[in-house]
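**Q** Right, I'll just put the structure down here and ask away after.
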Amino acid sequence: MRVWLRAHGLQALVHIGALIPLGVMIADYAQDRLTVNPIQELTLRTGKVALVLLVLSLACTPLNTLFGFRGALRVRRALGLYGFLYVVLHLLVFTVLDYVGDLALIVQTVLEKYYIVAGLAAFVLLVPLAVTSTRGWQRRLGQRWRALHRLVYLAVPLAVLHFALLVKSLVGRPEPLLWGALVLGLLALRIPAVRRAVARWRDRVRHTTSEWRVANRKWRMANSK
Ligand code: HEM
């Protein structure tokens, strides 16, 4: 069990963690617990979960390169795909439940609201990434696969922009700004100069901590005599 947990624990956690919000949404919907405006509540919830999962998938590479957390790489794809699943649900709630498939009204709303344009652009960029996320496509596309998957660096900031544009006052609700700062930070960690600076800082912290541990051990040995 311990061996299994070490090998698959994080993957299991990601699958369970990503499906729980969906289960809660279905249960709340079935039991009429989705506030007085259930469609808006579903839109907000699916949008928020999508953003969290997409940002988590963006965090996986820096977690590996900077802190040697290799497990993060094994869950990166699942996090991205679950994020995409929630984006699709988000879009379906908007088009099917909210606008009951009225294409003319949907197009009119898209053209009127910049935040929808940003959301749609993020969605369109994520589609080829989700489609080519399998190992087969990775093999077939070779180097081009990596280049294609860099689209995520554009898609996630667009999703944050979508959130920022729909918030009435960023002073009253600064949440999108915090997401923006987090995403910018995660993207900056991919720049070699920034990565090297953070790696130097990490090594200095590790060195100081180990020196402190040795000094502490020596002190305890000296005092226990
Ligand atoms: C990557 C794609 C997307 C992500 C990550 C995303 C995320 C979000 C987030 C975080 C919110 C705000 C939740 C809150 O206020 O707590 C939101 C709201 C919303 N999104 Fe998206 N979204 C995406 C794409 C789209 C698309 C394609 C559409 C429609 C075509 C859309 C329509 C909406 C609407 C209508 C709202 C609610 C506005 C309101 O009632 O205040 N989103 N989305």
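We name chains A, B, ... following the order of the structure tokens; residues begin at 1 in each chain, and ligands are numbered from 1 as shown.
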For Val75 (chain A), please output as an mmCIF file with N, CA and C atoms, in the first residue's frame all residues within 8 Å (counting only C-alpha atoms; exclusion window: fewer than 5 positions along the same chain).
**A**
data_model
loop_
_atom_site.group_PDB
_atom_site.id
_atom_site.type_symbol
_atom_site.label_atom_id
_atom_site.label_comp_id
_atom_site.auth_asym_id
_atom_site.auth_seq_id
_atom_site.Cartn_x
_atom_site.Cartn_y
_atom_site.Cartn_z
ATOM 1 N N LEU A 10 -0.269 10.907 -5.697
ATOM 2 C CA LEU A 10 -0.529 12.256 -6.199
ATOM 3 C C LEU A 10 -1.529 12.224 -7.364
ATOM 4 N N GLN A 11 -1.356 11.186 -8.239
ATOM 5 C CA GLN A 11 -2.297 11.077 -9.368
ATOM 6 C C GLN A 11 -3.726 10.858 -8.853
ATOM 7 N N VAL A 14 -5.129 14.022 -7.531
ATOM 8 C CA VAL A 14 -5.542 14.949 -8.599
ATOM 9 C C VAL A 14 -6.896 14.532 -9.181
ATOM 10 N N SER A 57 -1.743 23.373 -13.437
ATOM 11 C CA SER A 57 -0.986 22.644 -14.468
ATOM 12 C C SER A 57 0.204 23.484 -14.945
ATOM 13 N N CYS A 60 3.329 23.082 -12.640
ATOM 14 C CA CYS A 60 4.028 21.792 -12.538
ATOM 15 C C CYS A 60 5.483 21.862 -12.998
#
**Q** List the spatial neighbours of Arg76 (chain A) as a compact mmCIF listing (two decimals) with C-alpha atoms, in the first residue's frame - criterion: any atom at most 10 Å away, only C-alpha atoms, same-chain residues fewer than 2 positions off excluded.
**A**
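The resulting file, part.txt, is shown below:
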# COMPACT_ATOMS: atom_id res chain seq x y z
CA GLN A 11 -2.30 11.08 -9.37
CA VAL A 14 -5.54 14.95 -8.60
CA LEU A 53 -6.77 23.63 -12.47
CA LEU A 54 -5.19 25.44 -15.44
CA LEU A 56 -1.98 24.35 -11.21
CA SER A 57 -0.99 22.64 -14.47
CA LEU A 58 1.13 25.70 -15.30
CA ALA A 59 2.88 25.38 -11.92
CA CYS A 60 4.03 21.79 -12.54
CA THR A 61 7.11 22.54 -14.66
CA GLY A 71 5.71 13.97 -9.30
CA ALA A 72 4.33 17.29 -10.57
CA LEU A 73 5.25 16.34 -14.15
CA ARG A 74 3.21 13.14 -13.87
CA ALA A 78 -4.38 15.40 -16.00
CA LEU A 79 -4.60 18.86 -14.40
CA GLY A 80 -4.68 20.52 -17.83
CA LEU A 81 -7.32 18.13 -19.16
**Q** For Val194 (chain A), please output as a list in words all residues within 12 Å (counting only C-alpha atoms; exclusion window: fewer than 6 positions along the same chain).
**A** Pro62, Leu66, Gly185, Leu186, Leu187, Ala188, Arg200 and Trp201 of chain A
**Q** Please determine, counting only C-alpha atoms and all ligand atoms, which residue among A:Ala118, A:Leu141, A:Leu182, A:Val100 has the shortest atom-to-atom distance to ligand 1.
**A** A:Ala118
**Q** How would you write, as a ChimeraX atom specification, the set of residues no farther than 8 Å from ligand 1 when counting only C-alpha atoms and all ligand atoms?
**A** /A:40-41,43-52,54,83-84,87-88,90-91,94-95,110,115-123,126,155-156,158-160,162-163,166-167
**Q** Take the residues from that selection and put them in a file with C-alpha atoms, as a compact mmCIF listing (two decimals), in the first residue's frame.
**A**
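Okay, part15.txt is ready:
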# COMPACT_ATOMS: atom_id res chain seq x y z
CA GLN A 40 -25.05 32.04 -12.80
CA GLU A 41 -23.84 29.98 -9.85
CA THR A 43 -21.11 29.55 -14.54
CA LEU A 44 -19.10 31.03 -11.69
CA ARG A 45 -18.24 27.67 -10.13
CA THR A 46 -17.15 25.96 -13.37
CA GLY A 47 -15.13 29.06 -14.36
CA LYS A 48 -13.36 29.19 -11.01
CA VAL A 49 -12.48 25.48 -10.94
CA ALA A 50 -11.23 25.68 -14.55
CA LEU A 51 -8.92 28.56 -13.65
CA VAL A 52 -7.55 26.83 -10.54
CA LEU A 54 -5.19 25.44 -15.44
CA GLY A 83 -9.13 22.26 -16.45
CA PHE A 84 -10.28 21.98 -20.06
CA VAL A 87 -13.94 25.16 -19.42
CA VAL A 88 -16.17 23.06 -21.71
CA HIS A 90 -18.50 26.52 -18.34
CA LEU A 91 -19.11 27.17 -22.04
CA PHE A 94 -23.37 29.68 -20.94
CA THR A 95 -24.54 28.55 -24.38
CA VAL A 110 -19.96 37.84 -27.65
CA TYR A 115 -14.71 39.57 -21.38
CA ILE A 116 -16.52 36.92 -23.42
CA VAL A 117 -14.15 37.54 -26.37
CA ALA A 118 -11.15 36.98 -24.05
CA GLY A 119 -12.76 33.81 -22.59
CA LEU A 120 -13.54 32.46 -26.06
CA ALA A 121 -9.99 33.18 -27.25
CA ALA A 122 -8.63 31.24 -24.24
CA PHE A 123 -10.99 28.36 -25.04
CA LEU A 126 -6.92 25.30 -25.39
CA ALA A 155 -4.43 30.82 -23.02
CA VAL A 156 -4.10 31.10 -19.23
CA LEU A 158 -6.34 35.34 -21.53
CA ALA A 159 -8.50 33.42 -19.04
CA VAL A 160 -7.25 35.77 -16.28
CA HIS A 162 -11.51 37.38 -19.03
CA PHE A 163 -11.95 37.27 -15.24
CA LEU A 166 -15.92 40.89 -15.95
CA VAL A 167 -15.18 42.15 -12.44
**Q** Counting only C-alpha atoms, which residue out of A:Leu105, A:Leu154, A:Leu111, A:Leu42 sits closest to Val124 (chain A)?
**A**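 Closest candidate: A:Leu154.
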**Q** Write down as a PyMOL selection string the residues belonging to region 7-212 of chain A that are assigned helix (DSSP H, G or I) by DSSP computed on the backbone.
**A** chain A and resi 7-30+38-67+71-98+103-112+114-131+135-141+143-149+152-166+175-188+192-212
**Q** Which of these, A:Asp98, A:Arg70, A:Arg77, A:Pro128, has the shortest distance to Asn37 (chain A) once you count only C-alpha atoms?
**A**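 Among the listed residues, A:Asp98 lies closest to Asn37 (chain A).
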